[in-house]
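Written out below as structure tokens is the structure these notes cover.
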Amino acid sequence: MHTVNRAKTAGLLMLLASLAARPALAQENSPLDLTGTWRWINHEDERDRAPGAFPGDYRGLPLNDAARMRADTYDEEVNSTSSLLQCRPRTPGYQPKGLDPMRIDKVVDPLTRQLVAYRISYEKTAGERVIWLDGRPSPSPYALHSWEGFSTGKFRGDTLEITTTHLKESYVRRNGVATSFRATVIEHISLEEPYLEVTFTVIDPDYLTEPLVRSATYMRAPTLQLPPYPCQPEEYQPGEKYRVPHYLPGENPYLTESGFKYKAPQEGVRGGADTLYPEWRARGVTLAPPAAQSTIKPVYTDASTHVAEQADAQRPPPPVYDRVEPLHVAGNVYLIAGAGGNIVLSAGGDGVVMVDSGAAAASDRVLAAVREIHQTLRPQEVPESASPFGNTWQATHAFPDPMIRMIINTSSNPDHVGGNANIRMSPLFRLLGYRDPSLSLQVFAHAAVQRRMVESKAPNLLVPTDTYLSDTYTLYRFFNNQAVQVFHMPRAITDGDSVVWFRRSDAIAAGDVYNSDSYPPIDVDKGGSITGEIDALNRLIDMSVTEFMSQGGTMIIPGHGWISDAADVGNYRDMLMVIRDRIQAMVDKGMTLAQVKAAKPTMDYDPEYGRGPGATSRLVEAVYRSLKEKKK
Amino acid sequence: MKRPSFALVVAAALLSSVPIHAHHSFGGTYDVSKVITIKGTMVQVTLRAPHSFLYVEVEDTDGSTKQWIVEGATAAQFARQGIDKDAFKVGDPVEVVANPSRSPNSTHARLIKITRTTDGKSWGSRTGESVN
């Protein structure tokens with residue numbers, strides 16, 4: 001019996017031991033499992049999903065007059081003529097209206113085994129969209145914008161709420177109703193097996209007066225496999241590479257097409273928040289639809305049409321440089337933002353080449369940022385050096401302090417050259433080339449920059465010491481293991497603009513030729529022109545290669561704003577070409593500058609680019625003058 | 001002879017009327033209320049994503065030639081319907097039924113149906129049409 005009892009006891013102990021050895025139940029941090037493949041269900045918004053809305057059909061959109069004008073003058077053919085738009089993916093503000101199946105995967109921390117993100121792929125997107133669930137903060141406002149944006153998610157009960165920022169400019173309807181690069185998209189995803197419901201809300205301070213809330217339904221499709229999507233942009237008609245089809249204001253013949261075909265009152269077709277509420281229906285039923293398709297001359301009057309005046313009425317805020325911020329761009333190229341104009345630098349074993357120096361008052365913070373880049377942001381595993389010789393010698397010698405080897409100025413604009421003197425006087429400024437520092441490249445720019453600064457009696461230490469006159473200038477040797485090339489952009493902002501291309505890192509410092517969130521400060525008195533500006537943007541685009549589907553690849557750092565790629569520059573170029581054409585038409589009619597300004601030819605773009613005091617007025621005047629002078 | 005089931009007929013009709021997967025808006029780019037016919041010679045076939053292009057050279061009455069650029073489905077969708085690089089070739093005499101561009105004087109059009117006139121091989125997107 002004792003034997004039996006002992007056996008029982010041993011068995012009980014073994015059972016207890018095995019129970020004790022079982023891991024604690026994993027903490028559930030995901031109340032629903034979204035993973036799997038999902039097929040779209042085409043049961044609503046048929047025109048959005050398949051053929052595309054008719055021009056001028058803004059029903060159901062709480063858009064403002066700026067958005068309305070922009071869409072009224074939009075020609076869908078631009079999506080064919082522009083190779084940067086042909087393969088443009090949808091942003092989350094429109095994607096659920098597309099006909100794309102999607103796949104959702106989990107990203108699990110290998111150590112904690114906790115869900116840290118969802119990855120979402122659609123058939124026609126460049127890559128995987130990541131929804132971070134780990135509470136990470138939003139990237140810098142100077143970080144790259146993308147078609148997918150930056151998304152964070154949190155569960156609210158059984159619903160996943162996703163917030164997406166850092167989006168590229170896009171659309172909420174495929175007839176030109178734009179969304180700004182300032183838009184935020186909030187998605188709510190819930191599961192009712194086998195259906196997945198997405199409610200997506202676009203909040204756009206530039207083009208919508210209220211959040212735009214829409215929904216879509218997907219159905220689980222376990223055997224569905226997303227096909228590859230080798231989207232190949234082409235110049236589909238030779239000679240049309242730089243053509244941007246659009247209608248001049250008041251000349252689009254299709255704006256009543258939708259109302260006529262659907263027998264809907266034009267006031268409702270024109271959209272706007274009022275038309276979305278039940279109260280409007282009482283008014284809507286009293287209105288007659290268009291009797292025929294005809295060209296209308298819309299009038300734009302709401303608050304969005306006064307952005308420029310409101311900006312002009314503001315007193316320019318005093319410059320503040322308390323948030324100078326270093327960011328990695330690509331390879332060994334970095335951005336120092338918040339110091340006036342953007343500063344771009346290549347940092348590595350050979351030291352630092354700095355493109356522009358920011359505002360004078362920010363120099364201490366700029367030098368601190370250079371130190372920070374040198375100490376923390378520099379990739380430790382890849383010593384960047386000029387050549388095999390450098391790899392074996394320079395790269396193995398640690399520098400106690402970063403050495404700024406030269407400054408390249410992209411223009412003479414004060415917020416780009418203001419720090420020249422302070423940087424040159426800094427102990428970090430250690431020249432390369434000759435024993436006699438006076439012989440070495442110190443501050444380099446196009447000759448016109450030096451000439452203008454001398455003429456304006458700028459302090460000596462601000463003035464470039466070395467110049468070039470040619471179309472292209474290549475530094476005498478590789479620096480940080482890459483060629484550094486300077487390109488003259490004649491008659492763009494001024495007559496002395498340069499862009500700097502760090503070849504191996506594939507990053508271009510564009511200076512004020514391209515400002516991602518403001519109009520270019522074209523200065524006709526200093527030799528700038530709208531034609532030269534557009535030529536410069538086209539050249540920037542031609543120098544660039546996108547990685548896939550109009551995104552990534554060559555990084556273009558603007559004079560002001562966030563790190564960009566060719567698609568952003570393409571949007572900016574298109575905007576300026578439209579404005580140029582409108583003002584050209586006014587010049588051709590013999591309108592005076594005052595008349596052109598009163599006609600507000602930039603009104604639909606002002607919410608995005610004209611928020612700086614005087615920015616819109618300066619642009620209109622510069623375009624008008626450069627076109628008038630060209631005509632002479 | 002066995003008649004096809006009702007369900008099969010409905011399914012076939014649904015499949016043949018599935019809209020071309022639009023990336024940009026066909027309705028915005030082309031005037032879908034108008035139909036034109038283009039007769040000419042195929043000079044280039046570009047099957048690709050997001051949309052394919054057929055380039056057709058048309059001889060005018062004065063002897064000059066004009067190139068029409070006819071936009072159609074994505075390469076994958078054409079392939080699913082039996083159209084590959086060998087279906088229509090450079091040099092083929094073709095008749096194209098298409099929606100014209102909304103832009104005046106444009107020689108761009110949206111493909112509705114294409115027929116090789118030498119042997120009648122055709123592809124069409126309207127209900128009841130497919131590869132023939």
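Scheme for the structure tokens: letters A, B, ... for chains in order shown; per-chain residue numbers from 1; ligand numbers from 1 in order shown.
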- Item | Residue list for chain A near chain B as a VMD selection string, 10 Å, only C-alpha atoms | chain A and resid 47 to 56 74 to 80 85 to 90 98 to 100 124 173 to 176 227 to 234 236 to 237 245 to 247 253 to 254
Would you write out those residues with C-alpha atoms, as an mmCIF file, in the first residue's frame?
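So the final result, stored in again.cif, reads:
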```cif
data_model
loop_
_atom_site.group_PDB
_atom_site.id
_atom_site.type_symbol
_atom_site.label_atom_id
_atom_site.label_comp_id
_atom_site.auth_asym_id
_atom_site.auth_seq_id
_atom_site.Cartn_x
_atom_site.Cartn_y
_atom_site.Cartn_z
ATOM 1 C CA ARG A 47 -18.580 55.993 -59.112
ATOM 2 C CA ASP A 48 -15.834 56.530 -56.565
ATOM 3 C CA ARG A 49 -14.845 52.905 -56.783
ATOM 4 C CA ALA A 50 -14.964 52.158 -60.471
ATOM 5 C CA PRO A 51 -15.182 54.752 -63.258
ATOM 6 C CA GLY A 52 -14.458 57.819 -61.125
ATOM 7 C CA ALA A 53 -16.718 60.747 -60.325
ATOM 8 C CA PHE A 54 -17.730 63.189 -63.017
ATOM 9 C CA PRO A 55 -15.863 66.490 -63.035
ATOM 10 C CA GLY A 56 -17.487 69.003 -60.736
ATOM 11 C CA TYR A 74 -8.524 70.318 -62.469
ATOM 12 C CA ASP A 75 -8.109 68.161 -65.560
ATOM 13 C CA GLU A 76 -7.901 64.437 -64.834
ATOM 14 C CA GLU A 77 -5.616 63.998 -67.829
ATOM 15 C CA VAL A 78 -2.769 65.223 -65.639
ATOM 16 C CA ASN A 79 -2.645 61.738 -64.155
ATOM 17 C CA SER A 80 -1.583 60.466 -67.560
ATOM 18 C CA LEU A 85 1.220 60.734 -60.861
ATOM 19 C CA GLN A 86 0.647 57.646 -63.017
ATOM 20 C CA CYS A 87 1.679 55.265 -60.273
ATOM 21 C CA ARG A 88 0.701 57.436 -57.326
ATOM 22 C CA PRO A 89 -0.809 55.187 -54.638
ATOM 23 C CA ARG A 90 -3.854 56.230 -52.678
ATOM 24 C CA GLY A 98 -10.238 51.903 -54.095
ATOM 25 C CA LEU A 99 -10.710 48.434 -55.494
ATOM 26 C CA ASP A 100 -7.747 46.971 -53.698
ATOM 27 C CA LYS A 124 -1.698 48.829 -55.497
ATOM 28 C CA ARG A 173 -12.275 62.173 -54.850
ATOM 29 C CA ARG A 174 -10.782 61.362 -58.222
ATOM 30 C CA ASN A 175 -11.994 64.546 -59.835
ATOM 31 C CA GLY A 176 -9.506 66.918 -58.317
ATOM 32 C CA PRO A 227 -0.747 39.891 -56.920
ATOM 33 C CA PRO A 228 2.438 41.786 -57.676
ATOM 34 C CA TYR A 229 1.930 45.284 -59.004
ATOM 35 C CA PRO A 230 4.862 46.342 -61.188
ATOM 36 C CA CYS A 231 3.576 49.844 -61.854
ATOM 37 C CA GLN A 232 5.686 51.395 -64.602
ATOM 38 C CA PRO A 233 5.380 55.128 -65.192
ATOM 39 C CA GLU A 234 6.036 56.247 -68.738
ATOM 40 C CA TYR A 236 3.252 58.219 -72.694
ATOM 41 C CA GLN A 237 3.369 60.955 -75.282
ATOM 42 C CA PRO A 245 -3.338 69.875 -68.185
ATOM 43 C CA HIS A 246 -5.785 72.114 -66.298
ATOM 44 C CA TYR A 247 -8.619 74.518 -66.963
ATOM 45 C CA PRO A 253 -17.122 72.992 -69.550
ATOM 46 C CA TYR A 254 -17.962 69.929 -67.453
#
```
Just list the residues in chain B DSSP gives strand (DSSP E) on the backbone, as a short mmCIF file (atom, residue, chain, number, x, y, z; two decimals) with all heavy atoms, in the first residue's frame.
```
data_model
loop_
_atom_site.label_atom_id
_atom_site.label_comp_id
_atom_site.auth_asym_id
_atom_site.auth_seq_id
_atom_site.Cartn_x
_atom_site.Cartn_y
_atom_site.Cartn_z
N ILE B 36 -16.07 56.98 -80.42
CA ILE B 36 -15.45 57.23 -81.73
C ILE B 36 -14.86 55.93 -82.25
O ILE B 36 -14.66 54.97 -81.49
CB ILE B 36 -14.34 58.31 -81.64
CG1 ILE B 36 -13.25 57.87 -80.64
CG2 ILE B 36 -14.92 59.66 -81.28
CD1 ILE B 36 -12.02 58.75 -80.65
N THR B 37 -14.63 55.90 -83.55
CA THR B 37 -13.98 54.74 -84.15
C THR B 37 -12.69 55.19 -84.82
O THR B 37 -12.67 56.20 -85.54
CB THR B 37 -14.90 54.08 -85.20
OG1 THR B 37 -16.11 53.69 -84.54
CG2 THR B 37 -14.24 52.85 -85.80
N ILE B 38 -11.62 54.48 -84.54
CA ILE B 38 -10.30 54.81 -85.08
C ILE B 38 -9.85 53.63 -85.93
O ILE B 38 -9.83 52.49 -85.45
CB ILE B 38 -9.29 55.04 -83.93
CG1 ILE B 38 -9.77 56.15 -83.00
CG2 ILE B 38 -7.90 55.33 -84.47
CD1 ILE B 38 -9.13 56.10 -81.61
N LYS B 39 -9.51 53.89 -87.19
CA LYS B 39 -9.01 52.82 -88.06
C LYS B 39 -7.57 53.16 -88.43
O LYS B 39 -7.30 54.26 -88.93
CB LYS B 39 -9.85 52.71 -89.32
CG LYS B 39 -11.26 52.19 -89.07
CD LYS B 39 -12.04 52.08 -90.37
CE LYS B 39 -13.46 51.62 -90.10
NZ LYS B 39 -14.30 51.62 -91.31
N GLY B 40 -6.67 52.24 -88.18
CA GLY B 40 -5.28 52.52 -88.49
C GLY B 40 -4.40 51.31 -88.27
O GLY B 40 -4.88 50.16 -88.25
N THR B 41 -3.12 51.58 -88.08
CA THR B 41 -2.14 50.51 -87.93
C THR B 41 -1.52 50.60 -86.54
O THR B 41 -1.12 51.68 -86.09
CB THR B 41 -1.03 50.66 -89.00
OG1 THR B 41 -1.66 50.71 -90.28
CG2 THR B 41 -0.05 49.52 -88.93
N MET B 42 -1.41 49.46 -85.90
CA MET B 42 -0.78 49.41 -84.57
C MET B 42 0.72 49.71 -84.71
O MET B 42 1.39 49.07 -85.52
CB MET B 42 -0.98 48.02 -83.96
CG MET B 42 -0.60 47.94 -82.51
SD MET B 42 -1.91 48.55 -81.47
CE MET B 42 -2.92 47.08 -81.37
N VAL B 43 1.20 50.68 -83.95
CA VAL B 43 2.63 50.99 -84.02
C VAL B 43 3.35 50.70 -82.69
O VAL B 43 4.58 50.64 -82.65
CB VAL B 43 2.89 52.45 -84.45
CG1 VAL B 43 2.45 52.66 -85.88
CG2 VAL B 43 2.22 53.43 -83.51
N GLN B 44 2.60 50.57 -81.62
CA GLN B 44 3.24 50.19 -80.35
C GLN B 44 2.20 49.59 -79.41
O GLN B 44 1.07 50.07 -79.35
CB GLN B 44 3.90 51.41 -79.68
CG GLN B 44 4.72 51.04 -78.45
CD GLN B 44 5.40 52.26 -77.82
OE1 GLN B 44 5.87 53.14 -78.52
NE2 GLN B 44 5.45 52.28 -76.50
N VAL B 45 2.61 48.55 -78.71
CA VAL B 45 1.73 47.93 -77.71
C VAL B 45 2.47 47.97 -76.38
O VAL B 45 3.56 47.42 -76.24
CB VAL B 45 1.42 46.46 -78.08
CG1 VAL B 45 0.51 45.83 -77.02
CG2 VAL B 45 0.76 46.38 -79.46
N THR B 46 1.91 48.67 -75.42
CA THR B 46 2.54 48.76 -74.09
C THR B 46 1.58 48.19 -73.06
O THR B 46 0.66 48.86 -72.61
CB THR B 46 2.88 50.23 -73.76
OG1 THR B 46 3.65 50.78 -74.83
CG2 THR B 46 3.68 50.34 -72.48
N SER B 52 -2.65 50.07 -69.68
CA SER B 52 -1.91 49.76 -70.90
C SER B 52 -2.22 50.80 -71.97
O SER B 52 -3.24 51.50 -71.91
CB SER B 52 -2.29 48.37 -71.40
OG SER B 52 -2.00 47.41 -70.41
N PHE B 53 -1.31 50.89 -72.94
CA PHE B 53 -1.52 51.84 -74.03
C PHE B 53 -1.30 51.15 -75.37
O PHE B 53 -0.31 50.42 -75.55
CB PHE B 53 -0.56 53.04 -73.90
CG PHE B 53 -0.89 53.93 -72.73
CD1 PHE B 53 -0.22 53.80 -71.53
CD2 PHE B 53 -1.90 54.87 -72.83
CE1 PHE B 53 -0.53 54.60 -70.45
CE2 PHE B 53 -2.22 55.68 -71.75
CZ PHE B 53 -1.53 55.54 -70.56
N LEU B 54 -2.20 51.39 -76.29
CA LEU B 54 -2.05 50.94 -77.67
C LEU B 54 -1.87 52.19 -78.52
O LEU B 54 -2.65 53.13 -78.42
CB LEU B 54 -3.30 50.17 -78.12
CG LEU B 54 -3.76 49.04 -77.19
CD1 LEU B 54 -5.08 48.44 -77.69
CD2 LEU B 54 -2.70 47.95 -77.11
N TYR B 55 -0.83 52.20 -79.32
CA TYR B 55 -0.56 53.35 -80.17
C TYR B 55 -0.97 52.99 -81.60
O TYR B 55 -0.45 52.02 -82.17
CB TYR B 55 0.93 53.72 -80.12
CG TYR B 55 1.38 54.21 -78.76
CD1 TYR B 55 1.50 53.34 -77.67
CD2 TYR B 55 1.69 55.55 -78.55
CE1 TYR B 55 1.91 53.79 -76.42
CE2 TYR B 55 2.10 56.01 -77.30
CZ TYR B 55 2.20 55.13 -76.25
OH TYR B 55 2.61 55.58 -75.01
N VAL B 56 -1.88 53.74 -82.14
CA VAL B 56 -2.42 53.44 -83.46
C VAL B 56 -2.18 54.63 -84.39
O VAL B 56 -2.55 55.77 -84.06
CB VAL B 56 -3.95 53.14 -83.38
CG1 VAL B 56 -4.52 52.86 -84.76
CG2 VAL B 56 -4.21 51.97 -82.44
N GLU B 57 -1.55 54.34 -85.52
CA GLU B 57 -1.26 55.41 -86.48
C GLU B 57 -2.37 55.44 -87.52
O GLU B 57 -2.70 54.41 -88.12
CB GLU B 57 0.09 55.16 -87.15
CG GLU B 57 0.70 56.41 -87.74
CD GLU B 57 2.19 56.21 -88.00
OE1 GLU B 57 2.53 55.67 -89.07
OE2 GLU B 57 2.98 56.54 -87.11
N VAL B 58 -2.93 56.61 -87.70
CA VAL B 58 -4.07 56.76 -88.61
C VAL B 58 -3.67 57.69 -89.74
O VAL B 58 -3.09 58.76 -89.52
CB VAL B 58 -5.28 57.36 -87.86
CG1 VAL B 58 -6.45 57.61 -88.82
CG2 VAL B 58 -5.72 56.44 -86.74
N GLU B 59 -3.97 57.25 -90.98
CA GLU B 59 -3.63 58.09 -92.13
C GLU B 59 -4.80 59.02 -92.41
O GLU B 59 -5.95 58.58 -92.50
CB GLU B 59 -3.34 57.21 -93.35
CG GLU B 59 -2.68 58.02 -94.47
CD GLU B 59 -2.12 57.12 -95.58
OE1 GLU B 59 -1.74 55.97 -95.28
OE2 GLU B 59 -2.08 57.58 -96.72
N THR B 65 -0.09 61.53 -91.22
CA THR B 65 -0.48 60.53 -90.23
C THR B 65 -0.63 61.17 -88.86
O THR B 65 0.03 62.16 -88.54
CB THR B 65 0.57 59.40 -90.14
OG1 THR B 65 1.84 59.97 -89.84
CG2 THR B 65 0.63 58.59 -91.42
N LYS B 66 -1.50 60.57 -88.09
CA LYS B 66 -1.75 61.06 -86.73
C LYS B 66 -1.68 59.84 -85.80
O LYS B 66 -2.18 58.77 -86.16
CB LYS B 66 -3.13 61.68 -86.67
CG LYS B 66 -3.45 62.41 -85.38
CD LYS B 66 -4.87 62.97 -85.40
CE LYS B 66 -4.95 64.27 -86.19
NZ LYS B 66 -6.30 64.86 -86.12
N GLN B 67 -1.06 60.02 -84.65
CA GLN B 67 -0.95 58.90 -83.73
C GLN B 67 -2.00 59.00 -82.62
O GLN B 67 -2.07 60.01 -81.93
CB GLN B 67 0.45 58.86 -83.11
CG GLN B 67 0.74 57.54 -82.40
CD GLN B 67 2.18 57.50 -81.91
OE1 GLN B 67 2.51 58.03 -80.87
NE2 GLN B 67 3.04 56.87 -82.67
N TRP B 68 -2.79 57.97 -82.49
CA TRP B 68 -3.77 57.92 -81.41
C TRP B 68 -3.20 57.05 -80.29
O TRP B 68 -2.59 56.02 -80.55
CB TRP B 68 -5.09 57.32 -81.90
CG TRP B 68 -5.93 58.34 -82.62
CD1 TRP B 68 -5.80 58.73 -83.92
CD2 TRP B 68 -6.99 59.12 -82.07
NE1 TRP B 68 -6.72 59.71 -84.23
CE2 TRP B 68 -7.48 59.96 -83.10
CE3 TRP B 68 -7.60 59.19 -80.81
CZ2 TRP B 68 -8.53 60.86 -82.90
CZ3 TRP B 68 -8.64 60.08 -80.62
CH2 TRP B 68 -9.10 60.91 -81.66
N ILE B 69 -3.42 57.51 -79.06
CA ILE B 69 -2.95 56.76 -77.90
C ILE B 69 -4.19 56.26 -77.16
O ILE B 69 -4.96 57.05 -76.62
CB ILE B 69 -2.08 57.65 -76.99
CG1 ILE B 69 -0.88 58.15 -77.80
CG2 ILE B 69 -1.62 56.88 -75.77
CD1 ILE B 69 -0.15 59.29 -77.15
N VAL B 70 -4.37 54.95 -77.21
CA VAL B 70 -5.61 54.36 -76.68
C VAL B 70 -5.29 53.65 -75.37
O VAL B 70 -4.46 52.74 -75.32
CB VAL B 70 -6.21 53.37 -77.70
CG1 VAL B 70 -7.56 52.87 -77.20
CG2 VAL B 70 -6.35 54.02 -79.07
N GLU B 71 -5.95 54.10 -74.32
CA GLU B 71 -5.65 53.61 -72.97
C GLU B 71 -6.61 52.48 -72.60
O GLU B 71 -7.83 52.60 -72.80
CB GLU B 71 -5.78 54.76 -71.97
CG GLU B 71 -5.34 54.42 -70.58
CD GLU B 71 -5.21 55.65 -69.69
OE1 GLU B 71 -5.57 56.75 -70.14
OE2 GLU B 71 -4.75 55.49 -68.54
N GLY B 72 -6.06 51.43 -72.07
CA GLY B 72 -6.90 50.29 -71.69
C GLY B 72 -6.56 49.75 -70.32
O GLY B 72 -5.90 50.42 -69.52
N PRO B 93 -3.38 45.84 -88.82
CA PRO B 93 -4.43 46.83 -89.12
C PRO B 93 -5.57 46.64 -88.13
O PRO B 93 -6.05 45.51 -87.94
CB PRO B 93 -4.84 46.48 -90.55
CG PRO B 93 -4.47 45.06 -90.73
CD PRO B 93 -3.36 44.74 -89.80
N VAL B 94 -5.96 47.71 -87.45
CA VAL B 94 -6.96 47.55 -86.38
C VAL B 94 -8.06 48.60 -86.49
O VAL B 94 -7.87 49.68 -87.09
CB VAL B 94 -6.31 47.67 -84.98
CG1 VAL B 94 -5.40 46.50 -84.69
CG2 VAL B 94 -5.57 48.99 -84.82
N GLU B 95 -9.19 48.24 -85.93
CA GLU B 95 -10.29 49.19 -85.78
C GLU B 95 -10.57 49.28 -84.29
O GLU B 95 -10.81 48.26 -83.63
CB GLU B 95 -11.52 48.70 -86.53
CG GLU B 95 -12.69 49.66 -86.45
CD GLU B 95 -13.87 49.20 -87.33
OE1 GLU B 95 -13.68 49.11 -88.56
OE2 GLU B 95 -14.94 48.92 -86.76
N VAL B 96 -10.53 50.50 -83.78
CA VAL B 96 -10.68 50.69 -82.34
C VAL B 96 -11.93 51.51 -82.06
O VAL B 96 -12.13 52.57 -82.66
CB VAL B 96 -9.44 51.42 -81.76
CG1 VAL B 96 -9.66 51.76 -80.29
CG2 VAL B 96 -8.18 50.59 -81.93
N VAL B 97 -12.76 50.99 -81.19
CA VAL B 97 -13.91 51.76 -80.71
C VAL B 97 -13.51 52.30 -79.33
O VAL B 97 -13.00 51.55 -78.50
CB VAL B 97 -15.16 50.86 -80.59
CG1 VAL B 97 -16.34 51.66 -80.05
CG2 VAL B 97 -15.49 50.24 -81.93
N ALA B 98 -13.71 53.60 -79.12
CA ALA B 98 -13.15 54.21 -77.91
C ALA B 98 -13.96 55.42 -77.48
O ALA B 98 -14.75 55.98 -78.26
CB ALA B 98 -11.71 54.63 -78.18
N ASN B 99 -13.79 55.79 -76.20
CA ASN B 99 -14.31 57.07 -75.71
C ASN B 99 -13.24 58.13 -75.95
O ASN B 99 -12.07 57.92 -75.59
CB ASN B 99 -14.59 57.02 -74.20
CG ASN B 99 -15.63 55.97 -73.82
OD1 ASN B 99 -15.40 55.14 -72.96
ND2 ASN B 99 -16.77 56.01 -74.47
N PRO B 100 -13.60 59.28 -76.51
CA PRO B 100 -12.59 60.31 -76.74
C PRO B 100 -12.19 61.02 -75.45
O PRO B 100 -12.92 60.97 -74.45
CB PRO B 100 -13.30 61.28 -77.68
CG PRO B 100 -14.75 61.14 -77.34
CD PRO B 100 -14.95 59.70 -76.94
N HIS B 108 -5.99 61.24 -77.53
CA HIS B 108 -6.03 60.18 -76.52
C HIS B 108 -7.45 59.64 -76.45
O HIS B 108 -8.42 60.40 -76.62
CB HIS B 108 -5.63 60.71 -75.15
CG HIS B 108 -4.24 61.25 -75.11
ND1 HIS B 108 -3.80 62.10 -74.14
CD2 HIS B 108 -3.21 61.07 -75.94
CE1 HIS B 108 -2.54 62.42 -74.37
NE2 HIS B 108 -2.15 61.80 -75.46
N ALA B 109 -7.58 58.37 -76.21
CA ALA B 109 -8.91 57.78 -76.13
C ALA B 109 -8.87 56.57 -75.21
O ALA B 109 -7.80 56.02 -74.92
CB ALA B 109 -9.39 57.37 -77.52
N ARG B 110 -10.05 56.18 -74.73
CA ARG B 110 -10.15 55.03 -73.83
C ARG B 110 -10.71 53.83 -74.61
O ARG B 110 -11.76 53.93 -75.26
CB ARG B 110 -11.08 55.37 -72.67
CG ARG B 110 -11.30 54.21 -71.74
CD ARG B 110 -12.63 54.33 -71.03
NE ARG B 110 -12.89 53.16 -70.22
CZ ARG B 110 -14.05 52.91 -69.65
NH1 ARG B 110 -15.04 53.75 -69.80
NH2 ARG B 110 -14.22 51.82 -68.95
N LEU B 111 -10.02 52.74 -74.53
CA LEU B 111 -10.37 51.54 -75.29
C LEU B 111 -11.71 50.95 -74.85
O LEU B 111 -11.93 50.71 -73.66
CB LEU B 111 -9.27 50.49 -75.13
CG LEU B 111 -9.49 49.17 -75.86
CD1 LEU B 111 -9.48 49.37 -77.37
CD2 LEU B 111 -8.42 48.15 -75.44
N ILE B 112 -12.58 50.75 -75.82
CA ILE B 112 -13.80 49.97 -75.57
C ILE B 112 -13.70 48.63 -76.28
O ILE B 112 -13.96 47.58 -75.70
CB ILE B 112 -15.05 50.73 -76.07
CG1 ILE B 112 -15.22 52.04 -75.32
CG2 ILE B 112 -16.30 49.86 -75.92
CD1 ILE B 112 -16.35 52.91 -75.86
N LYS B 113 -13.30 48.69 -77.56
CA LYS B 113 -13.18 47.43 -78.32
C LYS B 113 -12.11 47.60 -79.38
O LYS B 113 -11.97 48.67 -79.97
CB LYS B 113 -14.53 47.10 -78.98
CG LYS B 113 -14.51 45.78 -79.74
CD LYS B 113 -15.87 45.44 -80.31
CE LYS B 113 -15.81 44.07 -80.98
NZ LYS B 113 -17.11 43.68 -81.55
N ILE B 114 -11.36 46.55 -79.60
CA ILE B 114 -10.36 46.57 -80.67
C ILE B 114 -10.56 45.32 -81.52
O ILE B 114 -10.80 44.22 -81.00
CB ILE B 114 -8.92 46.64 -80.11
CG1 ILE B 114 -7.90 46.66 -81.26
CG2 ILE B 114 -8.63 45.51 -79.13
CD1 ILE B 114 -6.49 46.99 -80.81
N THR B 115 -10.46 45.51 -82.84
CA THR B 115 -10.61 44.40 -83.77
C THR B 115 -9.48 44.44 -84.79
O THR B 115 -9.18 45.51 -85.34
CB THR B 115 -11.95 44.49 -84.53
OG1 THR B 115 -13.02 44.60 -83.58
CG2 THR B 115 -12.17 43.27 -85.42
N ARG B 116 -8.82 43.31 -84.99
CA ARG B 116 -7.84 43.22 -86.09
C ARG B 116 -8.63 42.93 -87.35
O ARG B 116 -9.34 41.91 -87.43
CB ARG B 116 -6.82 42.12 -85.81
CG ARG B 116 -5.76 42.03 -86.89
CD ARG B 116 -4.54 41.28 -86.39
NE ARG B 116 -4.89 39.97 -85.88
CZ ARG B 116 -4.26 39.35 -84.87
NH1 ARG B 116 -3.25 39.94 -84.28
NH2 ARG B 116 -4.63 38.16 -84.46
N SER B 122 -10.78 40.03 -81.86
CA SER B 122 -11.21 41.24 -81.17
C SER B 122 -11.18 41.07 -79.66
O SER B 122 -11.13 39.95 -79.14
CB SER B 122 -12.63 41.63 -81.61
OG SER B 122 -13.55 40.66 -81.15
N TRP B 123 -11.20 42.20 -78.97
CA TRP B 123 -11.35 42.24 -77.52
C TRP B 123 -12.26 43.40 -77.20
O TRP B 123 -12.12 44.49 -77.76
CB TRP B 123 -10.00 42.45 -76.82
CG TRP B 123 -10.14 42.61 -75.32
CD1 TRP B 123 -10.11 41.63 -74.39
CD2 TRP B 123 -10.38 43.83 -74.61
NE1 TRP B 123 -10.32 42.14 -73.15
CE2 TRP B 123 -10.49 43.49 -73.24
CE3 TRP B 123 -10.53 45.16 -74.99
CZ2 TRP B 123 -10.72 44.44 -72.26
CZ3 TRP B 123 -10.77 46.11 -74.01
CH2 TRP B 123 -10.85 45.75 -72.65
N GLY B 124 -13.19 43.18 -76.33
CA GLY B 124 -14.10 44.26 -75.97
C GLY B 124 -14.43 44.23 -74.50
O GLY B 124 -14.36 43.18 -73.84
#
```
- Item | Distance in Å - CA of Asp204 in chain A versus CA of Ser151 in chain A |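 Computing it gives 16.3 Å between the two atoms.
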- Item | Contacts of range 295-302 of chain A within 8 Å, only C-alpha atoms, excl. fewer than 3 positions in-chain, as a ChimeraX atom specification | /A:64-66,69,249-256,305-306
- Could you pull out the residues in chain B that DSSP calls helix (DSSP H, G or I) from the backbone, as JSON, numbers by chain? {"B": [6, 7, 8, 9, 10, 11, 12, 13, 14, 15, 16, 26, 27, 28, 29, 75, 76, 77, 78, 79, 80]}
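Here CA of Ala216 in chain A and CA of Trp38 in chain A stand 11.9 Å from one another.
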